[in-house]
Each structure stands twice: as C-alpha cells, then as structure tokens.
file data.cif (mmCIF, C-alpha atoms and all ligand atoms)
data_upload
loop_
_atom_site.label_atom_id
_atom_site.label_comp_id
_atom_site.auth_asym_id
_atom_site.auth_seq_id
_atom_site.Cartn_x
_atom_site.Cartn_y
_atom_site.Cartn_z
CA MET A 268 -24.71 39.40 21.45
CA SER A 269 -22.00 36.76 21.02
CA TYR A 270 -21.57 34.90 17.77
CA LEU A 271 -21.62 31.51 19.45
CA GLU A 272 -23.16 30.84 22.83
CA ILE A 273 -23.08 27.58 24.70
CA GLU A 274 -25.48 27.69 27.59
CA ASN A 275 -25.56 25.10 30.35
CA TYR A 276 -24.87 22.36 27.78
CA THR A 277 -25.05 18.90 29.28
CA LYS A 278 -24.79 15.57 27.52
CA VAL A 279 -25.40 12.34 29.36
CA ILE A 280 -24.87 9.03 27.58
CA ARG A 281 -25.80 5.84 29.42
CA GLN A 282 -25.64 7.56 32.81
CA GLU A 283 -22.23 9.03 32.08
CA THR A 284 -22.03 12.83 32.02
CA ILE A 285 -19.89 13.63 28.98
CA LEU A 286 -20.48 17.39 28.84
CA ASN A 287 -21.29 18.98 32.16
CA HIS A 288 -23.25 22.27 32.42
CA LEU A 289 -20.90 23.91 29.98
CA THR A 290 -21.41 27.66 29.45
CA ILE A 291 -19.27 29.87 27.24
CA SER A 292 -19.55 32.74 24.74
CA LEU A 293 -17.33 32.98 21.69
CA GLU A 294 -16.75 35.88 19.33
CA LYS A 295 -16.66 35.83 15.57
CA GLY A 296 -13.32 36.06 13.79
CA LYS A 297 -11.25 34.49 16.55
CA ILE A 298 -9.29 31.29 16.93
CA TYR A 299 -10.11 29.19 19.99
CA GLY A 300 -8.18 26.20 21.25
CA LEU A 301 -9.72 23.33 23.17
CA TYR A 302 -7.09 21.78 25.35
CA GLY A 303 -7.57 18.86 27.70
CA ARG A 304 -6.70 15.30 28.53
CA ASN A 305 -7.87 12.20 26.69
CA GLY A 306 -11.58 11.75 27.28
CA SER A 307 -12.10 15.29 28.63
CA GLY A 308 -14.84 15.98 26.07
CA LYS A 309 -13.13 17.97 23.28
CA THR A 310 -14.51 15.92 20.41
CA MET A 311 -17.93 15.70 22.01
CA LEU A 312 -18.03 19.48 22.40
CA LEU A 313 -17.15 19.95 18.72
CA ARG A 314 -19.95 17.51 17.85
CA ALA A 315 -22.36 19.43 20.09
CA ILE A 316 -21.52 22.73 18.39
CA ALA A 317 -21.94 21.16 14.96
CA GLY A 318 -25.34 19.73 15.89
CA LEU A 319 -24.23 16.13 15.48
CA ILE A 320 -25.52 15.25 18.97
CA MET A 321 -28.62 16.37 20.86
CA PRO A 322 -28.21 18.01 24.27
CA THR A 323 -29.59 16.35 27.37
CA GLU A 324 -29.91 19.87 28.76
CA GLY A 325 -28.94 23.37 27.59
CA PHE A 326 -28.18 24.53 24.06
CA VAL A 327 -25.72 25.86 21.49
CA LYS A 328 -26.77 29.07 19.76
CA ILE A 329 -25.04 30.44 16.68
CA ASN A 330 -26.09 33.83 15.33
CA ASP A 331 -29.18 33.59 17.52
CA GLN A 332 -30.27 30.23 16.11
CA ILE A 333 -30.46 27.26 18.45
CA ILE A 334 -28.68 24.27 16.92
CA THR A 335 -30.78 21.09 16.63
CA LYS A 336 -33.91 23.23 17.28
CA ASP A 337 -34.09 26.28 15.00
CA VAL A 338 -31.72 24.61 12.54
CA ASP A 339 -30.65 20.96 12.35
CA PHE A 340 -26.93 21.61 12.03
CA ALA A 341 -24.61 24.55 12.58
CA PRO A 342 -24.92 26.63 9.40
CA HIS A 343 -21.90 27.40 7.18
CA THR A 344 -19.74 25.12 9.29
CA GLY A 345 -16.81 22.98 8.25
CA ILE A 346 -15.84 19.95 10.29
CA LEU A 347 -12.68 17.93 10.58
CA ILE A 348 -13.12 14.91 12.80
CA GLU A 349 -11.16 11.71 13.10
CA HIS A 350 -11.89 8.77 10.82
CA MET A 351 -13.48 10.85 8.10
CA ASN A 352 -14.03 8.84 4.99
CA MET A 353 -13.12 10.07 1.55
CA LEU A 354 -13.80 7.95 -1.51
CA SER A 355 -10.57 5.98 -1.80
CA TYR A 356 -10.80 5.15 -5.53
CA LEU A 357 -11.02 8.84 -6.48
CA SER A 358 -8.34 11.55 -6.53
CA ALA A 359 -8.36 14.42 -4.02
CA LYS A 360 -9.84 16.81 -6.56
CA GLU A 361 -12.53 14.31 -7.59
CA ASN A 362 -13.49 13.87 -3.95
CA LEU A 363 -13.98 17.60 -3.43
CA GLU A 364 -15.82 17.89 -6.76
CA GLY A 365 -18.22 15.21 -5.53
CA ILE A 366 -18.88 17.06 -2.27
CA ALA A 367 -19.21 20.38 -4.13
CA LYS A 368 -22.10 18.98 -6.20
CA ILE A 369 -24.28 18.75 -3.09
CA GLN A 370 -24.36 22.41 -2.08
CA LYS A 371 -23.09 24.02 -5.27
CA ILE A 372 -21.27 26.73 -3.33
CA ALA A 373 -17.69 25.99 -4.34
CA SER A 374 -16.29 26.57 -7.82
CA GLU A 375 -13.52 24.61 -9.54
CA GLU A 376 -11.15 27.42 -8.53
CA ASP A 377 -12.16 27.06 -4.89
CA ILE A 378 -11.28 23.36 -5.03
CA ILE A 379 -7.92 24.00 -6.66
CA GLU A 380 -7.16 26.81 -4.22
CA ALA A 381 -8.03 24.66 -1.17
CA LEU A 382 -5.87 21.75 -2.32
CA ASN A 383 -2.95 24.07 -3.04
CA ALA A 384 -3.48 25.73 0.35
CA VAL A 385 -3.00 22.47 2.22
CA GLY A 386 -0.07 21.42 0.02
CA LEU A 387 -1.75 18.82 -2.21
CA ASP A 388 -1.35 18.86 -5.98
CA PRO A 389 -4.80 19.54 -7.47
CA GLN A 390 -3.78 17.97 -10.77
CA SER A 391 -2.54 14.72 -9.23
CA LYS A 392 -4.40 11.65 -10.46
CA LYS A 393 -3.23 9.63 -7.47
CA ARG A 394 -6.17 7.90 -5.81
CA VAL A 395 -6.78 8.45 -2.14
CA PHE A 396 -6.14 4.79 -1.23
CA ARG A 397 -2.51 5.43 -2.20
CA TYR A 398 -2.29 8.47 0.07
CA SER A 399 -0.14 8.62 3.17
CA LEU A 400 -1.80 9.42 6.50
CA GLY A 401 -0.65 13.05 6.32
CA MET A 402 -1.97 13.43 2.75
CA LYS A 403 -5.37 12.09 3.84
CA GLN A 404 -5.36 14.54 6.73
CA LYS A 405 -4.65 17.42 4.32
CA LEU A 406 -7.53 16.36 2.10
CA CYS A 407 -9.92 16.16 5.06
CA LEU A 408 -8.74 19.58 6.14
CA ALA A 409 -9.31 21.02 2.64
CA GLN A 410 -12.81 19.50 2.75
CA SER A 411 -13.55 21.46 5.94
CA PHE A 412 -13.00 24.93 4.44
CA PHE A 413 -13.18 24.84 0.64
CA GLU A 414 -16.84 25.93 0.60
CA HIS A 415 -16.05 29.19 2.44
CA GLN A 416 -17.40 27.87 5.73
CA GLU A 417 -17.61 30.63 8.37
CA LEU A 418 -17.06 28.37 11.35
CA LEU A 419 -14.42 25.64 11.38
CA LEU A 420 -14.54 22.86 13.98
CA LEU A 421 -11.23 21.10 13.76
CA ASP A 422 -10.29 18.03 15.78
CA GLU A 423 -6.53 17.54 15.87
CA PRO A 424 -5.87 19.30 12.54
CA THR A 425 -2.10 18.82 12.79
CA ASN A 426 -2.31 15.04 13.26
CA ALA A 427 0.15 13.23 10.99
CA LEU A 428 1.49 16.48 9.51
CA ASP A 429 5.22 17.17 9.23
CA GLU A 430 6.73 20.36 10.64
CA GLU A 431 6.66 22.22 7.31
CA SER A 432 2.99 21.33 6.80
CA VAL A 433 2.15 22.49 10.32
CA GLN A 434 3.73 25.88 9.55
CA ARG A 435 1.71 26.09 6.34
CA ILE A 436 -1.50 25.26 8.17
CA MET A 437 -0.76 27.88 10.81
CA MET A 438 -0.43 30.56 8.13
CA LEU A 439 -3.61 29.29 6.51
CA PHE A 440 -5.53 29.54 9.79
CA GLU A 441 -4.23 33.10 10.29
CA SER A 442 -5.55 33.99 6.85
CA PHE A 443 -8.95 32.48 7.74
CA LYS A 444 -9.06 34.67 10.82
CA GLU A 445 -8.29 37.75 8.72
CA GLU A 446 -11.27 36.81 6.56
CA GLY A 447 -13.44 36.89 9.70
CA ARG A 448 -13.87 33.13 9.99
CA THR A 449 -14.05 31.54 13.45
CA LEU A 450 -11.98 28.48 14.30
CA ILE A 451 -12.35 26.08 17.21
CA ILE A 452 -9.43 23.71 17.32
CA ALA A 453 -9.09 20.69 19.60
CA SER A 454 -5.50 19.64 20.02
CA HIS A 455 -3.00 18.03 22.36
CA ASP A 456 -0.30 20.21 20.86
CA ARG A 457 -0.12 23.02 23.40
CA ASP A 458 2.65 24.87 21.53
CA PHE A 459 0.60 24.85 18.36
CA LEU A 460 -2.46 26.16 20.17
CA GLU A 461 -0.50 28.84 22.02
CA SER A 462 1.07 30.14 18.85
CA ILE A 463 -2.19 30.41 16.94
CA CYS A 464 -5.12 30.86 19.33
CA ASP A 465 -6.61 34.06 20.65
CA ARG A 466 -7.88 32.09 23.59
CA ILE A 467 -7.27 28.62 24.96
CA LEU A 468 -10.26 26.93 26.57
CA PRO A 469 -9.07 24.30 29.03
CA ILE A 470 -11.60 21.49 29.20
CA LYS A 471 -11.74 19.05 32.06
CA LYS A 472 -14.33 16.35 32.72
CA GLY A 473 -16.72 17.83 30.19
CA THR A 474 -16.62 21.40 31.37
CA ILE A 475 -14.55 24.48 30.59
CA GLU A 476 -12.65 25.84 33.49
CA LYS A 477 -13.97 29.28 34.39
CA ARG A 478 -10.72 31.17 35.06
CA HIS A 479 -10.08 31.80 31.32
N1 LIG B 501 -20.22 7.30 21.23
C1 LIG B 501 -19.99 7.41 22.53
N2 LIG B 501 -20.81 6.83 23.42
C2 LIG B 501 -20.60 6.94 24.74
N3 LIG B 501 -19.59 7.64 25.29
C3 LIG B 501 -18.73 8.23 24.44
C4 LIG B 501 -18.88 8.15 23.03
N4 LIG B 501 -17.86 8.86 22.46
C5 LIG B 501 -17.12 9.33 23.47
N5 LIG B 501 -17.63 8.96 24.66
C6 LIG B 501 -17.11 9.32 25.97
O1 LIG B 501 -17.18 10.73 26.10
C7 LIG B 501 -16.07 11.22 26.85
C8 LIG B 501 -15.41 12.33 26.08
O2 LIG B 501 -14.88 11.80 24.86
P1 LIG B 501 -14.22 12.72 23.76
O3 LIG B 501 -14.02 11.86 22.55
O4 LIG B 501 -15.01 13.95 23.61
O5 LIG B 501 -12.82 13.07 24.44
P2 LIG B 501 -11.59 13.90 23.88
O6 LIG B 501 -11.32 15.00 24.84
O7 LIG B 501 -11.84 14.29 22.46
O8 LIG B 501 -10.43 12.81 23.98
P3 LIG B 501 -9.11 12.55 23.12
O9 LIG B 501 -8.12 13.57 23.59
O10 LIG B 501 -8.72 11.18 23.52
O11 LIG B 501 -9.46 12.68 21.67
C9 LIG B 501 -15.18 10.00 27.13
O12 LIG B 501 -15.44 9.58 28.45
C10 LIG B 501 -15.65 8.96 26.14
O13 LIG B 501 -15.54 7.67 26.68
#

call {"tool": "encode", "arguments": {"input": "data.cif", "output": "structure tokens"}}
result
Amino acid sequence: MSYLEIENYTKVIRQETILNHLTISLEKGKIYGLYGRNGSGKTMLLRAIAGLIMPTEGFVKINDQIITKDVDFAPHTGILIEHMNMLSYLSAKENLEGIAKIQKIASEEDIIEALNAVGLDPQSKKRVFRYSLGMKQKLCLAQSFFEHQELLLLDEPTNALDEESVQRIMMLFESFKEEGRTLIIASHDRDFLESICDRILPIKKGTIEKRH
C-alpha cells in the first residue's frame, strides 16, 4: 500500500476542469517535485492533497484515510502556500508560539530550532511588518514544519530566497527526508527540483503525465 494515493482526482470549478482524472501513488520518505507551467494545477493539487478543496470526482488517500471524508484535512501535514498571513505586529518567535498553542505539539525548543534552521534569529524582537519578503518566506516555511509534520506541501518554497538561503533549505529538506518525512514541492525552479527530488512529477493541464 502506498503512503499517499491520488485516484482519478478531478476538480471542476465553474465548468473549468482544474484537475483532470489525476492518478498517482507516492511513497513515504521521498521528495517529489511538481513541475509545470503557470496555471497547470500545481497549487490546486497541493490544496487537494491537504483537503482544502473538495473533489468533484475521485479522492486523495493518506495512510488509508480518505481526505475530506474519513478525515477533514490531511493529518500531520504542513503547508506553505502563497499569501500566507502571519501576525505582522508580532515577532517570528511570537507568531510560532501563537500557532503552537493550538495543537500543543511543539515545544519552545522546536520553535527555536525551526527558526534557526531557516536562518532567522529566534531572539530577534523585530516585528514581522518590518521583515523583508525573503524573511517572511522563511517564517512561513518554519511554520510548515516546526510541529514535526510528516507531510510537507510546499508551494514555491525558494521564492524570494537568496542563493545561500536556498542551499540551506536544500540541506534542511534532505534532513527531513532522512527523518522519513515526505515532501511535495511545487516550483518553477527546475534546477532546484532536480537537485533535491527523488522524482519529478510533470503536471500539465491538471494532470500528471504518465511517462514518469
Ligand atoms: N479560486 C479559483 N477559482 C477558480 N479557478 C481557479 C482558482 N484558483 C485557481 N484557479 C484556476 O485553476 C487553474 C490551476 O491554477 P493553479 O493555481 O493550481 O496553477 P499553478 O500551476 O499553481 O500556477 P502558477 O505556476 O502560476 O502558480 C488555473 O486555470 C487557475 O485559473
């Protein structure tokens, strides 16, 4: 049995087929790259896996549980999507502390470790509204994994990051894989995907091309 199965997943919004009879099986502990043109369905597929949208047809199954049916959302899953909002009048650490209060999974050490891992200073009092684009991206990225999430759905994780930060993130993702976590990364950066992914999934017009 695969860790994550997507079976005949179709999403139609206002007569437009966004995801088109998409079927694929993914293994645990691997890094997958979603690669495709603007509007090909990468973000929508990540949303489907997370359980943020309902299928028109088909399903996503993780560990034998059907998402949006057996469980509302993908369990133990971290998400990085565009336009995520952090509380701008708080520091990075205060933001993660606020999120940590909901599930009570992450300790203070986990928060500090995650911020260090992405290259942010955990002790900085700087409020998020004073952050650069890249710093905000790092905070959103830290948010996606600091609670030991098993599955990471990452939309353009290297957006706004400088070369050194990209290298750091690559090493971080490798370490996640060694821990047995599964990563699905949507990116336009083919070189990045090729250097880090076990498998690249080319997506075109809402479906994954079979050859791979
Ligand atoms: N909220 C929405 N309502 C209706 N259609 C949408 C919505 N969001 C996206 N779409 C459509 O779904 C299709 C896939 O969009 P998606 O955002 O998944 O593409 P993408 O591959 O992530 O693109 P990009 O590389 O530009 O980020 C596009 O045709 C888009 O217009």

call {"tool": "residues_around", "arguments": {"input": "data.cif", "residues": "A:Asn275", "least_positions_apart": "5", "cutoff": "6 Å", "atoms": "all atoms listed in the file", "output": "VMD selection string"}}
result
chain A and resid 288 to 290 325

call {"tool": "residues_near_ligand", "arguments": {"input": "data.cif", "ligand": "ligand LIG 501 (chain B)", "cutoff": "10 Å", "atoms": "only C-alpha atoms and all ligand atoms", "output": "VMD selection string"}}
result
chain A and resid 278 to 286 301 to 315 320 348 to 349 422 to 423 453 to 455 470 to 473

call {"tool": "atom_distance", "arguments": {"input": "data.cif", "atom1": "atom CA of A:Glu414", "atom2": "atom CA of A:Cys464"}}
result
22.6 Å

call {"tool": "closest_residue", "arguments": {"input": "data.cif", "among": "A:Ser391, A:Ser411, A:Thr335, A:Ser442", "to": "A:Leu357", "atoms": "all atoms listed in the file"}}
result
A:Ser391

call {"tool": "atom_distance", "arguments": {"input": "data.cif", "atom1": "atom CA of A:Glu361", "atom2": "atom CA of A:Met402"}}
result
14.8 Å

call {"tool": "residues_around", "arguments": {"input": "data.cif", "residues": "A:Glu431", "least_positions_apart": "4", "cutoff": "12 Å", "atoms": "all atoms listed in the file", "output": "ChimeraX atom specification"}}
result
/A:385-386,401,425,427,435-438

call {"tool": "write_last_selection", "arguments": {"input": "data.cif", "atoms": "C-alpha atoms", "output": "JSON list (two decimals), in the frame of the given file"}}
result
[["chain", "number", "residue", "atom", "x", "y", "z"],
["A", 385, "VAL", "CA", -3.00, 22.47, 2.22],
["A", 386, "GLY", "CA", -0.07, 21.42, 0.02],
["A", 401, "GLY", "CA", -0.65, 13.05, 6.32],
["A", 425, "THR", "CA", -2.10, 18.82, 12.79],
["A", 427, "ALA", "CA", 0.15, 13.23, 10.99],
["A", 435, "ARG", "CA", 1.71, 26.09, 6.34],
["A", 436, "ILE", "CA", -1.50, 25.26, 8.17],
["A", 437, "MET", "CA", -0.76, 27.88, 10.81],
["A", 438, "MET", "CA", -0.43, 30.56, 8.13]]

call {"tool": "atom_distance", "arguments": {"input": "data.cif", "atom1": "atom CA of A:Tyr398", "atom2": "atom CA of A:Glu375"}}
result
21.9 Å

call {"tool": "residues_around", "arguments": {"input": "data.cif", "residues": "A:Tyr356", "least_positions_apart": "4", "cutoff": "12 Å", "atoms": "all atoms listed in the file", "output": "mmCIF file with C-alpha atoms, keeping the file's coordinate frame"}}
result
data_model
loop_
_atom_site.group_PDB
_atom_site.id
_atom_site.type_symbol
_atom_site.label_atom_id
_atom_site.label_comp_id
_atom_site.auth_asym_id
_atom_site.auth_seq_id
_atom_site.Cartn_x
_atom_site.Cartn_y
_atom_site.Cartn_z
ATOM 1 C CA ASN A 352 -14.030 8.840 4.990
ATOM 2 C CA LYS A 360 -9.840 16.810 -6.560
ATOM 3 C CA GLU A 361 -12.530 14.310 -7.590
ATOM 4 C CA ASN A 362 -13.490 13.870 -3.950
ATOM 5 C CA LYS A 392 -4.400 11.650 -10.460
ATOM 6 C CA LYS A 393 -3.230 9.630 -7.470
ATOM 7 C CA ARG A 394 -6.170 7.900 -5.810
ATOM 8 C CA VAL A 395 -6.780 8.450 -2.140
ATOM 9 C CA PHE A 396 -6.140 4.790 -1.230
ATOM 10 C CA ARG A 397 -2.510 5.430 -2.200
ATOM 11 C CA TYR A 398 -2.290 8.470 0.070
#

call {"tool": "residues_around", "arguments": {"input": "data.cif", "residues": "A:Gly296", "least_positions_apart": "6", "cutoff": "9 Å", "atoms": "all atoms listed in the file", "output": "ChimeraX atom specification"}}
result
/A:417-418,443-450

call {"tool": "write_last_selection", "arguments": {"input": "data.cif", "atoms": "C-alpha atoms", "output": "tab-separated table (two decimals), in the coordinates of the input"}}
result
chain	number	residue	atom	x	y	z
A	417	GLU	CA	-17.61	30.63	8.37
A	418	LEU	CA	-17.06	28.37	11.35
A	443	PHE	CA	-8.95	32.48	7.74
A	444	LYS	CA	-9.06	34.67	10.82
A	445	GLU	CA	-8.29	37.75	8.72
A	446	GLU	CA	-11.27	36.81	6.56
A	447	GLY	CA	-13.44	36.89	9.70
A	448	ARG	CA	-13.87	33.13	9.99
A	449	THR	CA	-14.05	31.54	13.45
A	450	LEU	CA	-11.98	28.48	14.30

call {"tool": "residues_around", "arguments": {"input": "data.cif", "residues": "A:Gln390", "least_positions_apart": "6", "cutoff": "12 Å", "atoms": "only C-alpha atoms", "output": "list in words"}}
result
Ser358, Ala359, Lys360, Glu361, Glu375, Ile378, Ile379, Glu380, Leu382 and Asn383 of chain A

call {"tool": "axis_aligned_box", "arguments": {"input": "data.cif", "around": "stretch 311-327 of chain A", "padding_each_side": "6 Å", "output": "lines of an AutoDock Vina configuration file"}}
result
center_x = -23.5
center_y = 20.6
center_z = 21.9
size_x = 24.8
size_y = 22.6
size_z = 25.8
